[in-house]
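Working notes for the structure below.
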Amino acid sequence: MKNHPEGSISYDYRFRGWSLLFAGFSLLLFSAAMIFLAIIDPDSFIGFPSPYGMGRLLYIASAISLALLLAMLLKRARDQKTSCRTIYFDKHELTLPKSLYSNTRLTIPYSAITGIELQSLRRSASQSIVINYGDQSVLISDLGFETKTEFRAVHCQLEQRLSGASGS
């Protein structure tokens, strides 16, 4: 957390090494499994018979798709080291870092936010804040913070700013 003039606060929001490492390792493992299955069982795909060696083709296509996802993950990991990755609470608006799919930061006035919701993923310790504004929503995952305390502080800060915006 960094304090800025006039009551503005920012929090670093970067996916940390362990979450990236786990996702990357999982993609690599599944890609290797697809190649292995293409070699040992070319006449079926995940247990279903396939004619004309289509099983091998489907396994290879799956492995290539997973490898492309891994390459995208590695590119995003590299990009987030050089880009501005902060959640910024200003007097009248919230600014979020660039998403995976967009190259622009998202700025939402507090008055446009229609609701926030704290979600817990089933069978996981992971939590997310869902911010609804207009007919859209955006998600802030706790995986982007160094500690769960920072994530809770962002949630509290957002609730405080929204209660202040609705009260004024």
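A note on labels: chains of the structure tokens are A, B, ... as shown, every chain counts residues from 1, and ligands are counted from 1 in their shown order.
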Within chain A, find each residue whose DSSP state, derived from the backbone, is alpha helix (DSSP H), and express the selection as number ranges by chain. A: 17-40, 54-82, 148-167
List the neighbours of A:Met72 out to 12 Å using only C-alpha atoms; skip same-chain residues closer than 3 positions along the sequence, and give me the result as a list in words. Leu20, Ala23, Gly24, Leu27, Ser65, Leu66, Ala67, Leu68, Leu69, Lys75, Arg76, Ala77, Arg78, Asp79, Leu100 and Tyr101 of chain A
Would you output that residue set with N, CA and C atoms, as a compact mmCIF listing (two decimals), in the first residue's frame?
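Writing done, so here's part-v4.txt:
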```
# COMPACT_ATOMS: atom_id res chain seq x y z
N LEU A 20 1.84 -18.35 -10.85
CA LEU A 20 2.28 -18.48 -12.24
C LEU A 20 3.02 -19.79 -12.46
N ALA A 23 0.40 -22.66 -12.55
CA ALA A 23 -0.35 -22.67 -13.81
C ALA A 23 0.54 -23.11 -14.97
N GLY A 24 1.76 -22.61 -15.02
CA GLY A 24 2.68 -23.00 -16.08
C GLY A 24 3.04 -24.47 -16.04
N LEU A 27 0.02 -26.57 -17.25
CA LEU A 27 -0.10 -26.55 -18.71
C LEU A 27 0.97 -27.42 -19.36
N SER A 65 -2.41 -26.49 -28.45
CA SER A 65 -3.25 -25.48 -27.79
C SER A 65 -2.74 -25.18 -26.38
N LEU A 66 -2.40 -26.22 -25.65
CA LEU A 66 -1.88 -26.03 -24.29
C LEU A 66 -0.53 -25.31 -24.32
N ALA A 67 0.31 -25.63 -25.30
CA ALA A 67 1.60 -24.96 -25.42
C ALA A 67 1.42 -23.48 -25.75
N LEU A 68 0.43 -23.17 -26.59
CA LEU A 68 0.14 -21.75 -26.88
C LEU A 68 -0.35 -21.02 -25.63
N LEU A 69 -1.19 -21.67 -24.83
CA LEU A 69 -1.63 -21.06 -23.57
C LEU A 69 -0.45 -20.81 -22.64
N LYS A 75 4.34 -14.80 -21.60
CA LYS A 75 4.39 -13.43 -22.11
C LYS A 75 3.74 -12.47 -21.12
N ARG A 76 2.59 -12.85 -20.57
CA ARG A 76 1.92 -11.99 -19.58
C ARG A 76 2.77 -11.83 -18.33
N ALA A 77 3.44 -12.89 -17.91
CA ALA A 77 4.31 -12.80 -16.74
C ALA A 77 5.44 -11.81 -17.00
N ARG A 78 6.01 -11.86 -18.21
CA ARG A 78 7.07 -10.92 -18.56
C ARG A 78 6.53 -9.49 -18.65
N ASP A 79 5.35 -9.34 -19.28
CA ASP A 79 4.76 -8.01 -19.45
C ASP A 79 4.40 -7.34 -18.13
N LEU A 100 -5.75 -8.96 -18.95
CA LEU A 100 -5.01 -9.84 -19.86
C LEU A 100 -5.37 -9.58 -21.32
N TYR A 101 -6.55 -9.03 -21.54
CA TYR A 101 -7.06 -8.91 -22.91
C TYR A 101 -7.04 -7.48 -23.42
```
Taking 3 positions as the minimum chain separation for residues in the same chain, which residues sit within 7 Å of stretch 50-64 of chain A when counting only C-alpha atoms? Answer as a count of residues only. 11
Using only C-alpha atoms, determine which residues lie at most 12 Å from stretch 152-159 of chain A, disregarding the query and same-chain residues fewer than 6 positions distant; provide the list as number ranges by chain. A: 1-2, 7-13, 86-96, 108-110, 113-119, 127-131, 139-142, 144-146, 165-166
Which residues in chain A does DSSP call strand (DSSP E)? List them as an MDAnalysis selection string. chainID A and resid 2:3 9:12 44:45 48:49 86:89 93:96 106:109 113:120 127:133 136:141
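In this structure, atom CA of A:Ala112 sits 11.2 Å away from atom CA of A:Ser137.
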